[in-house]
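Next up, query-v5.cif (mmCIF, C-alpha atoms):
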data_entry
loop_
_atom_site.label_atom_id
_atom_site.label_comp_id
_atom_site.auth_asym_id
_atom_site.auth_seq_id
_atom_site.Cartn_x
_atom_site.Cartn_y
_atom_site.Cartn_z
CA MET F 2 6.56 25.69 -2.10
CA SER F 3 8.96 26.90 0.57
CA SER F 4 11.13 24.35 2.32
CA ARG F 5 12.24 26.59 5.18
CA ALA F 6 11.68 25.33 8.70
CA PRO F 7 9.22 27.63 10.49
CA SER F 8 10.30 29.93 13.26
CA ARG F 9 7.15 29.43 14.72
CA ARG F 10 -17.56 7.81 16.95
CA ASP F 11 -16.35 7.04 20.29
CA VAL F 12 -13.99 8.81 22.51
CA LEU F 13 -11.15 6.54 23.55
CA THR F 14 -11.71 4.98 26.94
CA ALA F 15 -8.05 5.57 27.59
CA THR F 16 -6.09 8.72 26.85
CA LEU F 17 -3.41 6.90 24.82
CA GLY F 18 -0.79 7.99 27.27
CA GLY F 19 -1.66 11.66 26.87
CA LEU F 20 -1.25 11.45 23.12
CA LEU F 21 -4.55 13.01 22.10
CA LEU F 22 -6.31 16.17 23.11
CA PRO F 23 -8.83 15.66 25.92
CA GLY F 24 -12.10 14.43 24.48
CA VAL F 25 -10.60 13.67 21.06
CA ALA F 26 -11.17 10.25 19.53
CA ALA F 27 -8.54 8.18 17.82
CA SER F 28 -8.60 7.98 14.05
CA GLN F 29 -11.22 5.62 12.71
CA PRO F 30 -10.94 3.60 9.54
CA ALA F 31 -13.20 4.20 6.60
CA LYS F 32 -16.54 2.42 6.58
CA LYS F 33 -14.81 -0.68 5.25
CA ALA F 34 -11.90 -1.17 7.59
CA ALA F 35 -8.54 -2.23 6.28
CA PRO F 36 -7.71 -5.85 7.06
CA GLY F 37 -5.48 -6.55 10.02
CA PRO F 38 -1.81 -7.32 9.47
CA SER F 39 -2.35 -11.07 9.53
CA ALA F 40 -4.97 -10.82 6.78
CA VAL F 41 -3.07 -8.53 4.47
CA LYS F 42 -1.41 -9.95 1.40
CA PRO F 43 2.30 -9.19 0.91
CA PRO F 44 2.80 -5.74 -0.66
CA GLU F 45 2.79 -5.65 -4.42
CA LYS F 46 5.82 -4.13 -6.10
CA THR F 47 3.48 -2.18 -8.35
CA ALA F 48 0.00 -0.85 -7.77
CA ALA F 49 -2.25 -2.09 -10.55
CA PRO F 50 -5.54 -0.21 -10.59
CA SER F 51 -8.74 -1.94 -9.65
CA ARG F 52 -11.52 -1.49 -12.17
CA GLY F 53 -14.06 -1.29 -9.38
CA ARG F 54 -17.74 -1.84 -10.10
CA GLY F 55 -19.67 0.01 -12.75
CA ASP F 56 -18.70 3.64 -12.86
CA ALA F 57 -16.76 3.62 -9.60
CA MET F 58 -13.48 5.51 -9.43
CA LEU F 59 -10.48 3.22 -9.83
CA THR F 60 -8.50 2.35 -6.73
CA ARG F 61 -5.01 1.14 -5.88
CA PRO F 62 -4.04 -0.79 -2.75
CA ILE F 63 -1.99 0.93 -0.05
CA PRO F 64 0.94 -1.52 0.14
CA SER F 65 1.28 -1.63 3.93
CA THR F 66 -2.35 -2.75 4.48
CA GLY F 67 -4.02 -3.49 1.15
CA GLU F 68 -6.68 -0.84 1.80
CA ALA F 69 -8.19 0.40 -1.47
CA LEU F 70 -7.41 4.07 -2.12
CA PRO F 71 -9.21 6.01 -4.90
CA ILE F 72 -6.63 7.24 -7.37
CA ILE F 73 -7.42 10.98 -7.48
CA GLY F 74 -6.78 13.15 -4.43
CA LEU F 75 -7.20 16.81 -3.56
CA GLY F 76 -4.42 19.20 -2.57
CA THR F 77 -5.14 22.35 -0.56
CA TRP F 78 -1.96 24.43 -0.87
CA GLN F 79 -2.89 28.05 -1.69
CA THR F 80 -6.42 27.11 -2.79
CA PHE F 81 -7.98 26.46 0.65
CA ASP F 82 -6.26 29.31 2.52
CA ALA F 83 -9.47 31.30 2.10
CA ALA F 84 -11.27 34.03 4.03
CA PRO F 85 -14.85 33.32 5.18
CA GLY F 86 -16.40 35.13 2.22
CA GLU F 87 -14.37 33.08 -0.27
CA ARG F 88 -15.35 29.58 0.88
CA ALA F 89 -18.59 28.82 -0.98
CA PRO F 90 -16.80 27.56 -4.13
CA LEU F 91 -14.52 25.43 -1.93
CA ALA F 92 -17.54 23.73 -0.36
CA GLU F 93 -18.66 22.80 -3.88
CA VAL F 94 -15.14 21.58 -4.71
CA LEU F 95 -15.29 19.22 -1.72
CA ARG F 96 -18.81 18.07 -2.58
CA THR F 97 -17.84 17.36 -6.20
CA PHE F 98 -14.69 15.57 -5.09
CA LEU F 99 -16.38 13.28 -2.55
CA ASP F 100 -19.43 12.60 -4.75
CA SER F 101 -17.08 11.24 -7.44
CA GLY F 102 -15.81 8.56 -5.06
CA ALA F 103 -12.50 10.31 -4.41
CA ARG F 104 -11.37 10.45 -0.76
CA LEU F 105 -7.84 11.67 -0.02
CA ILE F 106 -7.66 15.35 1.04
CA ASP F 107 -4.14 16.57 1.79
CA SER F 108 -3.19 19.67 3.81
CA SER F 109 -0.55 21.09 6.15
CA PRO F 110 -0.17 23.71 8.90
CA MET F 111 2.14 25.40 6.38
CA TYR F 112 -0.91 26.18 4.22
CA GLY F 113 -2.32 29.01 6.32
CA ARG F 114 -6.02 28.47 7.08
CA ALA F 115 -6.37 25.42 4.82
CA GLU F 116 -6.69 22.79 7.58
CA SER F 117 -9.35 24.81 9.38
CA VAL F 118 -11.25 25.53 6.16
CA VAL F 119 -11.29 21.84 5.21
CA GLY F 120 -12.54 20.87 8.67
CA GLU F 121 -15.19 23.57 8.72
CA LEU F 122 -16.54 22.74 5.28
CA LEU F 123 -16.56 18.99 5.88
CA ARG F 124 -18.64 19.53 9.00
CA LYS F 125 -21.21 21.45 6.95
CA LEU F 126 -21.36 18.97 4.07
CA ASP F 127 -23.94 16.22 4.13
CA ALA F 128 -21.34 13.80 2.80
CA THR F 129 -22.11 10.11 2.65
CA LYS F 130 -18.49 9.16 1.95
CA THR F 131 -15.79 9.21 4.61
CA PRO F 132 -12.80 11.28 3.45
CA PHE F 133 -9.26 10.02 3.84
CA LEU F 134 -7.64 12.93 5.71
CA ALA F 135 -3.94 13.68 5.43
CA THR F 136 -1.87 16.48 6.87
CA LYS F 137 1.68 17.11 8.06
CA VAL F 138 3.95 18.11 10.91
CA TRP F 139 6.05 21.15 10.01
CA THR F 140 8.11 22.30 12.96
CA THR F 141 11.18 21.38 14.98
CA GLY F 142 11.24 19.72 18.38
CA LYS F 143 9.32 16.76 19.80
CA ASN F 144 6.93 18.70 22.03
CA GLU F 145 6.38 21.35 19.38
CA GLY F 146 5.58 18.63 16.84
CA ILE F 147 3.12 16.90 19.18
CA ALA F 148 1.35 20.18 19.89
CA GLN F 149 1.15 21.06 16.21
CA MET F 150 -0.21 17.64 15.22
CA ARG F 151 -2.84 17.74 17.97
CA GLU F 152 -3.95 21.12 16.68
CA SER F 153 -4.05 19.89 13.08
CA ILE F 154 -6.21 16.93 14.10
CA ARG F 155 -8.55 19.30 15.94
CA ARG F 156 -8.77 21.75 13.04
CA MET F 157 -9.04 19.39 10.12
CA GLY F 158 -10.17 16.03 11.42
CA GLN F 159 -12.27 16.81 14.49
CA GLY F 160 -10.56 13.95 16.28
CA ARG F 161 -9.39 11.70 13.45
CA MET F 162 -6.50 11.67 11.00
CA ASP F 163 -5.72 8.95 8.50
CA LEU F 164 -2.24 10.02 7.42
CA MET F 165 0.32 12.22 9.17
CA GLN F 166 3.39 13.17 7.12
CA ILE F 167 6.67 14.89 7.96
CA HIS F 168 6.57 18.00 5.80
CA ASN F 169 9.71 18.55 3.72
CA LEU F 170 11.58 16.25 6.14
CA VAL F 171 11.74 19.03 8.76
CA ASP F 172 13.32 17.44 11.88
CA TRP F 173 12.26 14.02 10.61
CA ARG F 174 14.49 12.04 12.98
CA THR F 175 12.63 13.58 15.91
CA HIS F 176 9.13 13.22 14.50
CA LEU F 177 9.33 9.72 12.99
CA PRO F 178 9.49 7.83 16.32
CA VAL F 179 6.52 9.87 17.55
CA LEU F 180 4.53 8.99 14.44
CA ARG F 181 5.37 5.31 14.86
CA ASP F 182 4.11 5.47 18.44
CA TRP F 183 0.94 7.34 17.42
CA LYS F 184 0.25 4.76 14.72
CA ALA F 185 0.75 1.88 17.17
CA ARG F 186 -1.65 3.55 19.63
CA GLY F 187 -4.29 4.20 16.94
CA ALA F 188 -4.09 8.00 16.91
CA ILE F 189 -3.23 7.92 13.19
CA ARG F 190 -3.60 5.15 10.65
CA TYR F 191 -0.59 5.81 8.40
CA LEU F 192 2.64 7.80 8.49
CA GLY F 193 4.60 9.38 5.66
CA ILE F 194 7.29 11.77 4.49
CA THR F 195 7.29 14.54 1.89
CA HIS F 196 9.60 16.88 0.03
CA TYR F 197 9.09 19.20 -2.92
CA ALA F 198 12.76 19.64 -3.93
CA ARG F 199 14.74 17.41 -6.28
CA SER F 200 17.79 18.13 -4.14
CA ALA F 201 16.13 16.11 -1.35
CA PHE F 202 15.49 13.02 -3.48
CA ASP F 203 18.58 11.21 -2.15
CA ASP F 204 17.30 11.71 1.41
CA LEU F 205 13.81 10.57 0.46
CA GLU F 206 15.19 7.44 -1.18
CA ARG F 207 17.36 6.59 1.82
CA ILE F 208 14.44 6.98 4.22
CA ILE F 209 12.20 4.87 1.98
CA ARG F 210 14.77 2.07 1.95
CA GLU F 211 15.73 2.23 5.63
CA GLU F 212 12.53 3.34 7.38
CA LYS F 213 9.82 2.10 4.99
CA PRO F 214 7.11 4.68 5.74
CA ASP F 215 3.56 3.96 4.58
CA PHE F 216 3.55 6.93 2.19
CA VAL F 217 5.91 9.27 0.39
CA GLN F 218 4.75 12.49 -1.27
CA LEU F 219 6.88 13.96 -4.05
CA PRO F 220 6.70 16.10 -7.22
CA TYR F 221 6.14 14.29 -10.51
CA SER F 222 4.64 15.34 -13.84
CA VAL F 223 5.04 15.05 -17.60
CA LEU F 224 7.75 17.73 -17.48
CA GLU F 225 9.37 16.81 -14.15
CA ARG F 226 10.23 13.13 -14.20
CA ASP F 227 13.30 12.94 -11.94
CA ALA F 228 11.39 10.68 -9.56
CA GLU F 229 11.29 7.96 -12.23
CA LYS F 230 15.03 7.31 -11.93
CA ARG F 231 15.27 5.99 -8.39
CA LEU F 232 12.49 7.23 -6.11
CA LEU F 233 9.52 5.53 -7.75
CA PRO F 234 11.38 2.21 -8.14
CA ALA F 235 12.48 2.41 -4.48
CA ALA F 236 8.91 3.07 -3.31
CA ALA F 237 7.61 0.13 -5.35
CA ALA F 238 10.34 -2.20 -4.10
CA HIS F 239 9.77 -1.33 -0.43
CA GLY F 240 5.97 -1.19 -0.38
CA VAL F 241 5.57 2.57 0.01
CA ALA F 242 2.50 4.30 -1.42
CA VAL F 243 3.26 7.34 -3.61
CA LEU F 244 1.31 10.61 -3.50
CA VAL F 245 2.15 13.19 -6.16
CA MET F 246 2.26 16.93 -5.54
CA GLN F 247 2.48 19.51 -8.35
CA PRO F 248 0.95 17.19 -10.99
CA PHE F 249 0.51 20.13 -13.37
CA SER F 250 4.02 21.55 -12.75
CA SER F 251 2.49 24.59 -11.03
CA GLY F 252 0.46 25.39 -14.15
CA THR F 253 3.35 25.18 -16.62
CA LEU F 254 1.74 22.22 -18.39
CA PHE F 255 -1.35 24.23 -19.22
CA GLU F 256 0.79 27.03 -20.65
CA ARG F 257 2.43 24.46 -22.92
CA VAL F 258 -0.89 23.37 -24.42
CA ARG F 259 -2.74 26.68 -24.51
CA GLY F 260 -4.62 26.88 -27.80
CA ARG F 261 -3.81 23.28 -28.73
CA PRO F 262 -6.74 20.98 -29.45
CA LEU F 263 -6.83 17.70 -27.58
CA PRO F 264 -5.11 15.03 -29.72
CA GLY F 265 -7.18 12.20 -31.15
CA TRP F 266 -5.32 9.62 -29.10
CA ALA F 267 -6.74 11.17 -25.90
CA ALA F 268 -9.95 9.26 -26.59
CA ASP F 269 -7.98 6.00 -26.37
CA ILE F 270 -7.54 6.66 -22.64
CA ASP F 271 -10.99 8.17 -22.17
CA CYS F 272 -9.72 11.74 -21.71
CA THR F 273 -11.79 14.80 -22.56
CA SER F 274 -9.32 17.45 -21.32
CA TRP F 275 -5.62 18.14 -21.04
CA ALA F 276 -5.87 18.02 -17.24
CA GLN F 277 -7.07 14.42 -17.46
CA VAL F 278 -4.22 13.58 -19.84
CA PHE F 279 -1.66 15.03 -17.41
CA LEU F 280 -3.12 13.14 -14.45
CA LYS F 281 -3.40 9.86 -16.37
CA PHE F 282 0.21 10.19 -17.48
CA ILE F 283 1.16 10.15 -13.79
CA LEU F 284 -1.19 7.28 -13.02
CA GLY F 285 0.23 5.35 -15.94
CA HIS F 286 3.31 4.75 -13.79
CA PRO F 287 2.58 1.61 -11.73
CA ALA F 288 4.35 2.90 -8.61
CA VAL F 289 2.04 5.93 -8.26
CA HIS F 290 -1.06 5.68 -6.10
CA CYS F 291 -2.66 9.13 -6.10
CA PRO F 292 -1.87 12.58 -7.56
CA LEU F 293 -3.09 15.61 -5.59
CA PRO F 294 -4.30 18.36 -7.94
CA ALA F 295 -5.36 21.52 -6.09
CA THR F 296 -8.14 23.84 -7.21
CA ARG F 297 -10.63 26.36 -5.90
CA LYS F 298 -12.94 25.95 -8.90
CA PRO F 299 -15.72 23.32 -8.83
CA SER F 300 -15.56 22.91 -12.62
CA HIS F 301 -11.85 22.08 -12.41
CA ALA F 302 -12.51 19.61 -9.58
CA ALA F 303 -15.15 17.90 -11.74
CA ASP F 304 -12.67 17.72 -14.61
CA ASN F 305 -9.81 16.40 -12.46
CA VAL F 306 -11.76 13.56 -10.86
CA ARG F 307 -12.71 12.16 -14.29
CA ALA F 308 -9.07 11.11 -14.60
CA GLY F 309 -9.89 8.45 -12.02
CA PHE F 310 -12.09 6.58 -14.49
CA GLY F 311 -11.50 4.63 -17.68
CA ARG F 312 -8.35 3.44 -19.41
CA MET F 313 -4.79 4.40 -18.48
CA PRO F 314 -1.88 5.00 -20.89
CA ASP F 315 0.66 2.27 -21.54
CA GLU F 316 4.37 3.06 -21.75
CA LYS F 317 4.20 3.73 -25.48
CA LEU F 318 1.51 6.34 -25.05
CA ARG F 319 3.21 7.86 -22.03
CA ALA F 320 6.33 8.34 -24.16
CA ARG F 321 4.21 10.00 -26.83
CA ILE F 322 2.73 12.41 -24.26
CA VAL F 323 6.23 13.38 -23.14
CA LYS F 324 7.36 13.94 -26.69
CA GLU F 325 4.38 16.18 -27.46
CA LEU F 326 4.79 18.28 -24.33
CA GLU F 327 8.56 18.62 -24.60
CA GLY F 328 8.27 19.53 -28.26
#
Whole structure, structure tokens version:
Amino acid sequence: MSSRAPSRRDVLTATLGGLLLPGVAASQPAKKAAPGPSAVKPPEKTAAPSRGRGDAMLTRPIPSTGEALPIIGLGTWQTFDAAPGERAPLAEVLRTFLDSGARLIDSSPMYGRAESVVGELLRKLDATKTPFLATKVWTTGKNEGIAQMRESIRRMGQGRMDLMQIHNLVDWRTHLPVLRDWKARGAIRYLGITHYARSAFDDLERIIREEKPDFVQLPYSVLERDAEKRLLPAAAAHGVAVLVMQPFSSGTLFERVRGRPLPGWAADIDCTSWAQVFLKFILGHPAVHCPLPATRKPSHAADNVRAGFGRMPDEKLRARIVKELEG
């Protein structure tokens, strides 16, 4: 993913100081609202999964509020930048994803038409579950950032946005105060930061420690574990929820296991595919809240969401997974 900065329910009775587009409502919580600050327990240093009820997808609490977040998300980079004639499979991807109990859908204005495609398809779906919508600001300048975020909310959320992130830390010192103000006014529910490059990990760690955003999004997988050294511990210590991009190392993990049968120990963590093993490896780290696998294939979406159910690997099994993949 490129890190270059680009060259380019009820309507609120008040306009939030001009924050939102005319006629656009503030973000609304999911059907079960998160508790207010006075009711929220102190953030946990790790995010132990909830077993849920019956066959419900596991959840982990967002540290800043305690709101339960299903542990499998959906990325849209490359996959949802689709022409009108290519969108039928994506509608089924979204349906499969939401029907499983998953909620978090992540996008960005960097991803071409992805925000618009997500918004269009969600409008057409007869979904009974409220998605947790996340996107990003990816430009320089305060006014430019405000305009871009308003447009993203219009395209993707039709007036609501749960999480707004600063994409690859582009002009983050300018955008962060705006996001804090938007969150205070109710235009967004959470704010976060992202970066895809290991060279930016020092900056991410410093911002986590000093600014304590609600979320951080970073790369992490069986083969790319740099985040384990300092970033994941910092996020856990400061109550920052962790989203994981590139959980399959851009497909490299599947190349490593091509032709290999699934090991017998996969059944010990209720896995029926390598994709589920890779996602559960990530979720086996207690600081991680939600990986974001991206796909345009409904069968892959159905496979991915199954990683949100059943047993997770302990440290011994996680080490074994690393050894097998590195070998």
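We find atom CA of F:Gly74 and atom CA of F:Val306 to be spaced 8.1 Å apart.
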Excluding stretch 77-81 of chain F and any residue of its chain fewer than 3 positions from it, enumerate the residues within 6 Å of it, using all atoms listed in the file, and give them as a VMD selection string. chain F and resid 108 112 115 295 to 297
Export C-alpha atoms of the chosen residues as a PDB file, keeping the file's coordinate frame?
ATOM      1  CA  SER F 108      -3.190  19.670   3.810  1.00  0.00           C
ATOM      2  CA  TYR F 112      -0.910  26.180   4.220  1.00  0.00           C
ATOM      3  CA  ALA F 115      -6.370  25.420   4.820  1.00  0.00           C
ATOM      4  CA  ALA F 295      -5.360  21.520  -6.090  1.00  0.00           C
ATOM      5  CA  THR F 296      -8.140  23.840  -7.210  1.00  0.00           C
ATOM      6  CA  ARG F 297     -10.630  26.360  -5.900  1.00  0.00           C
TER       7      ARG F 297
END
Which residues come within 9 Å of F:Arg257, counting all atoms listed in the file, excluding same-chain residues fewer than 4 positions away, as a list of chain:residue names?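 Surrounding residues, per the criterion: F:Thr253, F:Arg261, F:Leu326, F:Glu327.
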Preceding selection exported with C-alpha atoms as a JSON list (two decimals), keeping the file's coordinate frame:
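result19.json, written as the output of this step:
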[["chain", "number", "residue", "atom", "x", "y", "z"],
["F", 253, "THR", "CA", 3.35, 25.18, -16.62],
["F", 261, "ARG", "CA", -3.81, 23.28, -28.73],
["F", 326, "LEU", "CA", 4.79, 18.28, -24.33],
["F", 327, "GLU", "CA", 8.56, 18.62, -24.60]]
Restrict the calculation to all atoms listed in the file, then for each residue of stretch 109-150 of chain F with any atom at most 12 Å from an atom of stretch 175-192 of chain F give the closest atom pair and their distance in Å to one decimal, rows by chain and rising residue number, as a tab-separated table.
residue	atom	partner	partner_atom	distance
F:Phe133	CA	F:Arg190	CA	10.1
F:Leu134	CA	F:Ile189	CA	10.0
F:Ala135	CA	F:Tyr191	CA	9.1
F:Thr136	CA	F:Leu192	CA	9.9
F:Lys137	CA	F:Leu192	CA	9.4
F:Val138	CA	F:His176	CA	8.0
F:Trp139	CA	F:His176	CA	9.6
F:Thr140	CA	F:His176	CA	9.3
F:Thr141	CA	F:Thr175	CA	8.0
F:Gly142	CA	F:Thr175	CA	6.8
F:Lys143	CA	F:Thr175	CA	6.0
F:Asn144	CA	F:His176	CA	9.6
F:Glu145	CA	F:His176	CA	9.9
F:Gly146	CA	F:His176	CA	6.9
F:Ile147	CA	F:Val179	CA	8.0
F:Ala148	CA	F:His176	CA	11.7
F:Gln149	CA	F:His176	CA	11.3
F:Met150	CA	F:Leu180	CA	9.9
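Closest approach to F:Ile72 among F:Pro264, F:Gly102, F:Pro85, F:Pro234: F:Gly102, based on all atoms listed in the file.
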Place a sphere of radius 12 Å on (5.9, 13.5, -29.5) in the file coordinates and name every protein, DNA or RNA residue with an atom inside or on its surface, counting all atoms listed in the file; give the answer as a VMD selection string. chain F and resid 264 266 317 to 328
In Å to one decimal, how far is atom CA of F:Asp269 from atom CA of F:Asp315?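 Between atom CA of F:Asp315 and atom CA of F:Asp269 the gap works out to 10.6 Å.
Reported to one decimal place, the separation of atom CA of F:Leu244 from atom CA of F:Val289 is 6.7 Å.
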Sel. within 12 Å of pt (9.8, 17.9, -0.7), counting only C-alpha atoms, output as a count of residues only: 36
Just so the selection is clear, what residues does the PyMOL selection byres ((chain F and resi 288) around 10) cover here, as a list in words?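 Selected by the PyMOL selection byres ((chain F and resi 288) around 10) here: Glu45, Lys46, Thr47, Ala48, Ala49, Arg61, Glu229, Leu232, Leu233, Pro234, Ala235, Ala236, Ala237, Ala238, Gly240, Val241, Ala242, Val243, Leu244, Ile283, Leu284, Gly285, His286, Pro287, Val289, His290 and Cys291 of chain F.
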Nearest residue to F:Lys125 out of F:Leu95, F:Ala69, F:His239, F:Gly260, using all atoms listed in the file? F:Leu95
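Candidate residues F:Glu316, F:Asp107, F:Glu93, F:Asp215 were compared for distance to F:Pro62, and the nearest is F:Asp215, using only C-alpha atoms.
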Pick from F:Gly86, F:Gly252, F:Gly67, F:Pro132: nearest to F:Ser101, with all atoms listed in the file counted?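 For F:Ser101, the nearest of the given residues is F:Pro132.
Distance annotation: of F:Phe279, F:Met313, F:Arg161, F:Leu91, the residue with the minimal separation from F:Phe255 is F:Phe279; atom set is all atoms listed in the file.
Residue nearest F:Glu212, chosen from F:Gly265, F:Ala83, F:Lys298, F:Arg174 and counting only C-alpha atoms: F:Arg174.
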